[in-house]
Every structure is written in structure tokens, then in C-alpha cells.
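This report refers to the structure that appears directly beneath it.
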Amino acid sequence: MGASEYEVREGLFYSKEHEWLKVEKGQVRVGITDYAQDKLGDVVYVELPVVGRKVKQIGEPKNRDMELGAVESVKAVSTVYSPISGTVKEVNSTLQERPEIINTSPYDEGWICVVVPEDLDKEIKTLMDAKAYSEYLKNLG
Amino acid sequence: MMNYHQARWICESCLEPLIFEMGNKGGSRGILLPRGVGAEINIPEKMLRKSLNIPELSQPEVVRHYTRLSQMNFCVDTGFYPLGSCTMKYNPKVNEELADLDEVANIHPDQDEGTVQGALEIMYRLERLLCEITGMSKMCLQPSAGAHGEFLGMLLVRAYFRARGETRKEVIIPDSAHGTNFASAGMAGFNVVVVPSNNRGRVDLEALRAAVSEKTAALMMTNPNTLGLFEDEILEISKMVHDAGGLLYYDGANLNGIIGKARPGDMGFDIVHLNLHKTFSTPHGGGGPGSGPVGVAEKLEEFLPVPVIEYDEEQGRFWLNYNRPHSIGKIKSFFGNFGVLVKAYAYILSMGADGLKEAAEAAVINANYLMHKLADGKSFKVNYDGPCKHEVVLSAEPLKRETGVTARDVVKRLLDFGLHPPTYYFPPIVPEALMIEPTETESKEELDRFIAAMKAVAQEARTDPGRVKAAPTATAIGRLDETRASREPILSWRMYQRLKPK
């Protein structure tokens, strides 16, 4: 499958670990990308963060403070890292009953959580826009 | 190519039923129990069951049932089993003979030490041999699996730093590691820091340098790693971790690639776990319990679980020492899976030091032969250059790109050739991974048969991809719905009963 066959949505911001971030009023919504769900395969379980949890933006080396939870598929368990520092405000509890919506609707129904960011203006500059992310996927091959 | 078809026992329209679905309530018996046990047993009235739902079958019915099930199974004794990282080598039958001896099989762990001197001696001598093989100072034989050994190793790390009054909360693990490493460190209360691999498939030294600090309790490593590659910068890595005051943990899953050739202790590892059921040829993967002994360097000896087996030279007897004040305590009932220990001991003695070395050499040559024959770049490729150790990780990405046939489809089709599939989709850092570990016990003819099957499947992916995607069809059971099995697991007879259509 070529990189162009994965949906990359305009207006969102992307991390190198394939999380997306959508800026809303005073908060951001976070999920995993179409590429990520395809590579994982059928999702069977999603571990959600606790509301109120403080997270740090993903960086190297990665550590627990940057984790938002995990997505488990028949192939692997993959950590979901936070593309932004802040506090978890809301989680998508529908995922507990219907984890498969991450596969069918990664950008809409399958969102993972809402975070109130600490320093959005500064941190968002470290993320990719849709064009840069498409380019990034192409280079992954 | 062999024309393979697995036995498929069908009763009416269903596969061989479960034993609970068989027989009638007519009082058939497979065996007559002795009347009474010769002792007065007082079981409280409320704990006595009024009825017992156990199958009532005659002996031939029971024997036929299990023989049929075994015919619908696949095992090392029926065919090639290149399940990467699992070291499914042939298990010599002499191991079983020795473990079946009356003095081995029919003793009880509560027996007086004086009556089981032979058993204690076997464990004592095995412990010494394993220390010699790994370069460790002392070993605990109790853990019942590799992951159990890892967990014990992490508890020892915790005890070590607690005794030194240090608080170190981080365990560093490479991204190529087995999933159990992350779980074991987490279970023992550590935070896991993941370091990426470099473009040679080894631990990235710069990333490791950035991750190592005064918070580092340990680095967990598998060497050769899960890509089948030897971590050739291990001496620099161990110096880096030791300079920061941390410990080095060796995951012994892949010891088969270097046994007799190199020792974890000489590489700087402080704690080692072994998988006797892999490297030392005892049945596993449904065929028997495991055994995951843990060895340590001298500075960690005092924390090992009790009891420790010792030899009293003056009295010429072996004994169990429970008096070890710094021990972390017990981690398993009694002394470990004794039968497995006996088989591993038999294996080491029958192979001898030179034999073990030759085993590692043959395992490595076999894996490289497969790599050389299969990594053509058109169907399968290797993502990292150079020779491998005991296993090769191929990527089926070229084939998937060209035909849409995935690594999963390929391995399912191999079943139709009477071959056990390799491990697939692991390690996760290789897309469309096929992790193939032939082991030393396969002949060139068997390897050639596997190569021919892989090539036939790749060819078929181009001419008749639907055939590959529909596989397996020559097995007792076709392709399983893995997603549904994970989302709605049926884990017990009771769950099955509830879900069965009335």
C-alpha cells in the first residue's frame, strides 16, 4: 500500500508517532492516524488515560509521563503518546465497548481524549501539518 | 512437495467434541479408584458437593479421544517448527526416559532431605553447570518460565538498590525487546524507558547515553536480540550502564545462538535468566511446563530466593538452606519444575561442552542458510545487513506491495505444506515481519523443503492470491478469526456453555 492511500486530514496536527491533534476552543482533541490504525490491524482493546492526568509532550527519550494510554490489536500493543503537554479533560469511553471504531473512524468517532494544553502556541510548532505528515509517511515507505 | 493433510476427526457434523460433551450418564469408568484412602478425612458438610459434573467414559473412549486430538495437533515430533524466538528444537527422548525414572518422578517435595539426596544433587550440579555456561556466580532454579525469571530478576534489582539505600525507578529496554520485558519491569514497580534501535538493528548508543542516568536501575537486553543480531557494542553498553551505577539484565531467550561461544557474565551482565525449555531442549508450548532459572553476579547472591541448595562437605550431604536474611523470600512453591530441570541436566551432560558449541554453530549456520536462500528482495528482504545468529527476521513487504498478500497470509499457507508457521508481526520494528528460527536439529533437506514451500507460496501470491488468502485448508481447523477471539474470548467451559446456541 502506498503512502498516498492513507487518509491525512487537513487542519490537524501530527506527531512522528502517528498521533493527531485537533485544536478546539481552549482544548485539543487527540487520536491516532489512519496510517497507525492500518499498521496495527484490528484493534481489540484501548487503554484510556484517567481524567485529570497531567501529561507531557512526546520527546526523546520517551517516558511514562508522555503516555496517554495504549491501543492493543491482534498484532501488537502500541503506546499512545501525547502530542501536547496538558491535563486530560475527557476520554472517549465508547472505545471501551467498541474499540473497532479506531479502525473504522480514526479521525472522528475513534478519538481518544481531550486535553487542556499548557503551552499550545509553543508546542504546536514541533508538530507536523497535513502536508508535512503526508511527506513524512512517503519517506517511511 | 509433500502432499499434506492433517487428520480431521468429525463426530456428526462437528469436530471431535469436548470430553464433557461425550459419554452418557450410564456409569462408564476409565479406571477403578481404590476404595477408601486408609485415613479418616473430615471434610465439613457445607464443603461437600452433592453432584459432580464429570464425564463418564470407558478407558478406550478416553484414549481414543486424546489420540484423535493429538492427531489434529502439530508438534516438533511431527514436523518443522521454525517459530522464531521460541527455539523449538527436537527434544531427545533420553531426556524423557530419565525424567520418568521412579526416583525422579515419584518423589514428593515434602520428603525428608535424607531420602532425596539424588534429586538435590541433580539440582546442585545443574546449578553449577548453568553458572559455568552463563558466567554467573549463583543461580536460582525456581522460576517456572522465562517471564517468571524476568520478574524475579527485577525483584532482585529492586532489593539490591533498596539495600544500598538508593532510589532508582527506571528500567531501560530496547524497542526490539520481547513484550514480557516491559511487563516484568512494570510489575516490579519500575518505569520503563524505551531506547530505539539504530540502522544496524542494534541498540542506538547515543539514545542509550541520553537515557542512562542516576535514575537508571537496570538495562534489560536480549543478545542476540530479537532481530537475530548480536549486540556487538555490548561492552561499551555495559560500561555505560555500570558507570551510571545501574545493573545489566540478560534475557536468555536467544542464548541458543551463542551458547558455549560467549557468556553473558563476560559481557558484563549482572543478572541472567535462561529458558531451559528452549535452549536446553525440554517440551514447551503446550507440551510441558517451562523453567526459567535466574543467575546472578556475586554482589546480588544474598538476595536470591530461598531455599538455596548447598553441599556440606564434612557430612557429605546436600541440604536446603532457608536461613538467608537478605533473601527476597519465595517466588514459587517448593523448588521449581523439577522434571524440567532433570531433562535439561540430561541434555547438557549428553551434549557435553563441545556438543553445546556445535549446537550453537549449527543453529547459526541454518538460519543464515535460510536468509541466503530466501531474502531475494523481490518477495522477502532483510532490513539489516550482515549475517544473523540463530534466527532471521525477513520482511514480506515487497510481496505485500506487489500482490497484497501479507505476512499473515504467507504463514497460514505454510500450514498447508505441513510446516509450522514462523513467528510473524514480531518484532514490531520490522513491517510484515517473519521471524524464522530453524534451530540446529533440522537437516539441510528439511531446510530445503521449507525454502521450496516459501518460494511456492510467493509464486502463488502472484498467480492465485485468493488461494493464499483462504489458507489454511489442509488443516483440521481453518483460519481462525483472531479479532473475534480477542474481542470475545471464550476462556472456560462455563463461558462456552453460556454462549452455545440452545
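Letters for chains follow the order of the C-alpha cells (A, B, ...), residue numbers begin at 1 for each chain, and ligand numbers begin at 1 in the order shown.
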Wanna dump the chain A-chain B contacts at 9 Å for me, each residue with its shortest atom pair and the distance in Å to one decimal, counting only C-alpha atoms, ordered by chain and number, as a Markdown table?
```
| residue | atom | partner | partner_atom | distance |
| --- | --- | --- | --- | --- |
| A:Met1 | CA | B:Arg401 | CA | 5.8 |
| A:Gly2 | CA | B:Arg401 | CA | 8.0 |
| A:Lys39 | CA | B:Pro431 | CA | 8.3 |
| A:Asp42 | CA | B:Thr483 | CA | 6.3 |
| A:Val43 | CA | B:Thr483 | CA | 7.8 |
| A:Val44 | CA | B:Arg487 | CA | 5.4 |
| A:Tyr45 | CA | B:Arg487 | CA | 7.6 |
| A:Glu60 | CA | B:Ala207 | CA | 8.0 |
| A:Pro61 | CA | B:Ala211 | CA | 6.0 |
| A:Lys62 | CA | B:Val193 | CA | 6.2 |
| A:Asn63 | CA | B:Val193 | CA | 5.3 |
| A:Arg64 | CA | B:Asn191 | CA | 6.7 |
| A:Ser73 | CA | B:Thr483 | CA | 8.0 |
| A:Val74 | CA | B:Thr483 | CA | 6.2 |
| A:Lys75 | CA | B:Tyr425 | CA | 6.2 |
| A:Ala76 | CA | B:Pro428 | CA | 7.3 |
| A:Val77 | CA | B:Gly179 | CA | 8.8 |
| A:Pro99 | CA | B:Arg487 | CA | 8.8 |
```
Selection above as a file: N, CA and C atoms, as a short mmCIF file (atom, residue, chain, number, x, y, z; two decimals), in the first residue's frame:
```cif
data_model
loop_
_atom_site.label_atom_id
_atom_site.label_comp_id
_atom_site.auth_asym_id
_atom_site.auth_seq_id
_atom_site.Cartn_x
_atom_site.Cartn_y
_atom_site.Cartn_z
N MET A 1 0.85 -1.19 0.00
CA MET A 1 0.00 0.00 0.00
C MET A 1 0.89 1.25 0.00
N GLY A 2 0.65 2.18 -0.87
CA GLY A 2 1.47 3.39 -0.94
C GLY A 2 1.02 4.40 0.11
N LYS A 39 -1.54 0.01 10.31
CA LYS A 39 -0.36 -0.77 10.68
C LYS A 39 -0.65 -1.69 11.86
N ASP A 42 -6.62 -4.96 13.34
CA ASP A 42 -7.86 -4.88 14.12
C ASP A 42 -7.60 -4.57 15.60
N VAL A 43 -8.15 -3.45 16.06
CA VAL A 43 -7.96 -3.06 17.46
C VAL A 43 -8.93 -3.84 18.35
N VAL A 44 -8.39 -4.41 19.42
CA VAL A 44 -9.25 -5.22 20.30
C VAL A 44 -9.42 -4.61 21.70
N TYR A 45 -8.56 -3.66 22.05
CA TYR A 45 -8.67 -3.06 23.39
C TYR A 45 -7.98 -1.71 23.40
N GLU A 60 12.27 12.64 23.14
CA GLU A 60 13.20 11.52 23.35
C GLU A 60 14.10 11.79 24.54
N PRO A 61 14.46 10.84 25.42
CA PRO A 61 13.84 9.51 25.41
C PRO A 61 12.40 9.57 25.93
N LYS A 62 11.60 8.66 25.41
CA LYS A 62 10.20 8.63 25.82
C LYS A 62 10.09 8.10 27.25
N ASN A 63 9.12 8.61 27.99
CA ASN A 63 8.86 8.04 29.30
C ASN A 63 7.38 8.06 29.62
N ARG A 64 7.05 7.54 30.78
CA ARG A 64 5.67 7.32 31.16
C ARG A 64 4.84 8.60 31.23
N SER A 73 -3.94 -4.38 19.48
CA SER A 73 -4.54 -5.04 18.32
C SER A 73 -4.18 -6.50 18.34
N VAL A 74 -4.64 -7.25 17.34
CA VAL A 74 -4.26 -8.66 17.29
C VAL A 74 -2.77 -8.83 17.03
N LYS A 75 -2.12 -7.79 16.51
CA LYS A 75 -0.69 -7.86 16.22
C LYS A 75 0.17 -7.42 17.39
N ALA A 76 -0.20 -6.30 18.02
CA ALA A 76 0.73 -5.67 18.97
C ALA A 76 0.00 -4.74 19.92
N VAL A 77 0.70 -4.37 20.98
CA VAL A 77 0.22 -3.31 21.86
C VAL A 77 1.07 -2.09 21.57
N PRO A 99 -13.95 -0.91 20.58
CA PRO A 99 -12.60 -0.49 20.19
C PRO A 99 -12.41 -0.43 18.68
#
```
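Residues surrounding A:Ser82 within 6 Å are Gln57, Ile58, Met66, Glu67 and Leu68 of chain A [only C-alpha atoms; sequence separation below 5 positions excluded].
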I need the chosen residues saved as a compact mmCIF listing (two decimals), in the first residue's frame, with N, CA and C atoms.
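So again09.txt came out as:
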```txt
# COMPACT_ATOMS: atom_id res chain seq x y z
N GLN A 57 4.44 16.55 26.57
CA GLN A 57 4.53 16.32 25.13
C GLN A 57 5.61 15.27 24.84
N ILE A 58 5.35 14.45 23.83
CA ILE A 58 6.30 13.40 23.46
C ILE A 58 7.65 13.99 23.07
N MET A 66 4.70 10.85 29.30
CA MET A 66 4.22 11.26 27.97
C MET A 66 3.11 10.34 27.46
N GLU A 67 2.75 9.33 28.24
CA GLU A 67 1.80 8.34 27.74
C GLU A 67 0.35 8.71 28.02
N LEU A 68 -0.47 8.48 27.01
CA LEU A 68 -1.91 8.72 27.14
C LEU A 68 -2.67 7.41 27.26
```
Point to revise | Shortest interatomic distance to A:Ala36 - which of A:Met128, A:Val51, A:Leu12, A:Val80, counting only C-alpha atoms | key: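 Using only C-alpha atoms, the shortest distance to A:Ala36 belongs to A:Val80.
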